[in-house]
Amino acid sequence: MEEKKCSCQTGTVIVYSCSGNANLGQACNELAQRLMERGVGRMGCLAGVGGHVPNMVLSAQSADEVIVLDGCQMGCALKIIEHAEAKASFHLVATDLGLAKKNGKRWSEDEVKVLDEELTRLRRSRNGFVRIE
Amino acid sequence: MMRIEVFGTGCAKCKRLEKNVNEALAKGGIRAEVIKIEDIDAMTDRGIMVTPALAIDGDIKIMGKVPSVDELVAMFKA
């Protein structure tokens with residue numbers, strides 16, 4: 001019988017992103033979508049976690065690796081994840097990487113690239129996979 | 001009758017959960033309807049992003065783990 005591959009074999013990676021009104025929140029959101037398309041992980045619904053939707057909260061708590069992307073130092077995405085009693089394996093803050101927050105502006109390719117490269121570096125430095133015990 | 005849903009895309013771990021569920025029902029002498037859900041979109045619609053998962057009468061009880069047969073018997077009888 002054919003055995004299919006699924007998240008439970010390789011460890012579930014969920015990416016949660018700020019998607020605020022400024023360029024960097026949207027750059028984070030764009031990166032989360034690209035990570036999903038590249039098969040790095042699945043993009044989680046941060047609104048669902050923040051809204052205390054039970055199965056979404058349980059998903060965040062049950063994932064093997066949680067990547068949290070925040071646009072600025074307010075760290076809203078991380079606060080939502082922590083409020084749900086889930087743990088972030090990796091947390092990126094775009095403004096900490098020298099990127100400028102511009103309210104009401106669109107993201108740029110350069111901003112997404114900076115975030116992507118930093119996340120890749122971080123994950124590689126920890127063998128690309130973190131199992132939360 | 002109790003309604004048990006097993007969520008998984010068909011990998012070894014998901015199949016083990018289904019097997020344990022059936023063994024637990026037999027061991028506990030419990031009658032239940034067991035439904036296997038393999039469609040990822042159907043899981044996502046229920047907010048399930050980590051598999052395998054198990055629901056009893058619509059409520060998700062387990063996500064990302066395969067409980068033992070005895071643990072499942074206790075859960076079904078609770």
# chains A, B, ... in the order shown; residues from 1 in each chain; ligands from 1
>>> residues_around(residues="B:Gly64", least_positions_apart="5", cutoff="7 Å", atoms="only C-alpha atoms", output="JSON, numbers by chain")
{"A": [8, 62], "B": [50, 51, 52, 53]}
>>> residues_around(residues="stretch 55-59 of chain A", least_positions_apart="3", cutoff="12 Å", atoms="only C-alpha atoms", output="PyMOL selection string")
(chain A and resi 12-16+42-52+62-66+80-87) or (chain B and resi 43-55+58-65)
>>> atom_distance(atom1="atom CA of A:Gly11", atom2="atom CA of B:Arg16")
16.4 Å
>>> select_by_dssp(residues="chain B", states="strand (DSSP E or B)", output="list of chain:residue names")
B:Met2, B:Arg3, B:Ile4, B:Glu5, B:Val6, B:Phe7, B:Ala32, B:Glu33, B:Val34, B:Ile35, B:Lys36, B:Ile37, B:Ala53, B:Leu54, B:Ala55, B:Ile56, B:Asp59, B:Ile60, B:Lys61, B:Ile62, B:Met63
>>> decode(residues="chain B", atoms="C-alpha atoms", output="tab-separated table (two decimals), in the first residue's frame")
chain	number	residue	atom	x	y	z
B	1	MET	CA	-23.13	6.59	19.04
B	2	MET	CA	-19.74	8.21	19.59
B	3	ARG	CA	-18.25	9.77	16.48
B	4	ILE	CA	-14.46	9.52	16.18
B	5	GLU	CA	-12.59	11.38	13.46
B	6	VAL	CA	-8.99	10.51	12.63
B	7	PHE	CA	-7.11	13.20	10.71
B	8	GLY	CA	-4.01	12.31	8.73
B	9	THR	CA	-2.77	12.23	5.19
B	10	GLY	CA	-1.90	8.56	5.21
B	11	CYS	CA	1.63	8.30	6.55
B	12	ALA	CA	2.82	5.64	8.99
B	13	LYS	CA	2.07	7.70	12.11
B	14	CYS	CA	-1.45	8.53	10.93
B	15	LYS	CA	-2.11	4.86	10.15
B	16	ARG	CA	-0.84	3.89	13.58
B	17	LEU	CA	-3.34	6.25	15.19
B	18	GLU	CA	-6.18	4.71	13.17
B	19	LYS	CA	-5.01	1.21	14.12
B	20	ASN	CA	-4.78	2.16	17.81
B	21	VAL	CA	-8.26	3.68	17.68
B	22	ASN	CA	-9.74	0.48	16.27
B	23	GLU	CA	-7.86	-1.64	18.82
B	24	ALA	CA	-9.02	0.62	21.65
B	25	LEU	CA	-12.64	0.35	20.56
B	26	ALA	CA	-12.36	-3.44	20.45
B	27	LYS	CA	-10.53	-3.65	23.77
B	28	GLY	CA	-12.98	-1.35	25.53
B	29	GLY	CA	-16.04	-2.86	23.92
B	30	ILE	CA	-16.99	0.59	22.72
B	31	ARG	CA	-19.28	1.21	19.77
B	32	ALA	CA	-18.34	4.21	17.67
B	33	GLU	CA	-18.39	5.52	14.14
B	34	VAL	CA	-14.80	6.02	12.92
B	35	ILE	CA	-14.22	8.47	10.10
B	36	LYS	CA	-10.83	8.91	8.41
B	37	ILE	CA	-10.12	12.36	6.99
B	38	GLU	CA	-7.16	12.62	4.62
B	39	ASP	CA	-7.92	15.86	2.81
B	40	ILE	CA	-5.58	18.66	3.95
B	41	ASP	CA	-8.08	21.38	3.06
B	42	ALA	CA	-10.73	19.69	5.20
B	43	MET	CA	-8.26	19.65	8.09
B	44	THR	CA	-7.26	23.28	7.59
B	45	ASP	CA	-10.94	24.25	7.56
B	46	ARG	CA	-11.12	22.82	11.07
B	47	GLY	CA	-7.95	24.66	12.14
B	48	ILE	CA	-5.87	21.47	12.19
B	49	MET	CA	-2.30	22.12	11.08
B	50	VAL	CA	-0.54	19.35	12.95
B	51	THR	CA	-1.22	15.69	12.23
B	52	PRO	CA	-2.16	13.09	13.21
B	53	ALA	CA	-5.18	14.44	15.06
B	54	LEU	CA	-8.22	12.91	16.64
B	55	ALA	CA	-11.65	14.33	17.38
B	56	ILE	CA	-14.41	12.86	19.53
B	57	ASP	CA	-17.90	14.08	18.75
B	58	GLY	CA	-16.44	17.06	16.89
B	59	ASP	CA	-13.96	18.18	19.55
B	60	ILE	CA	-10.26	17.84	18.81
B	61	LYS	CA	-8.67	15.87	21.63
B	62	ILE	CA	-5.23	14.99	20.24
B	63	MET	CA	-2.92	16.74	17.82
B	64	GLY	CA	0.56	15.64	16.72
B	65	LYS	CA	0.66	12.56	18.94
B	66	VAL	CA	-0.26	8.90	18.78
B	67	PRO	CA	-1.71	7.82	22.13
B	68	SER	CA	-1.40	4.21	23.25
B	69	VAL	CA	-4.37	1.85	23.02
B	70	ASP	CA	-4.91	2.11	26.79
B	71	GLU	CA	-4.81	5.90	26.71
B	72	LEU	CA	-7.40	5.88	23.96
B	73	VAL	CA	-9.66	3.48	25.86
B	74	ALA	CA	-9.55	5.84	28.84
B	75	MET	CA	-10.27	8.81	26.59
B	76	PHE	CA	-13.23	7.10	24.90
B	77	LYS	CA	-14.71	6.07	28.24
B	78	ALA	CA	-14.27	9.48	29.89
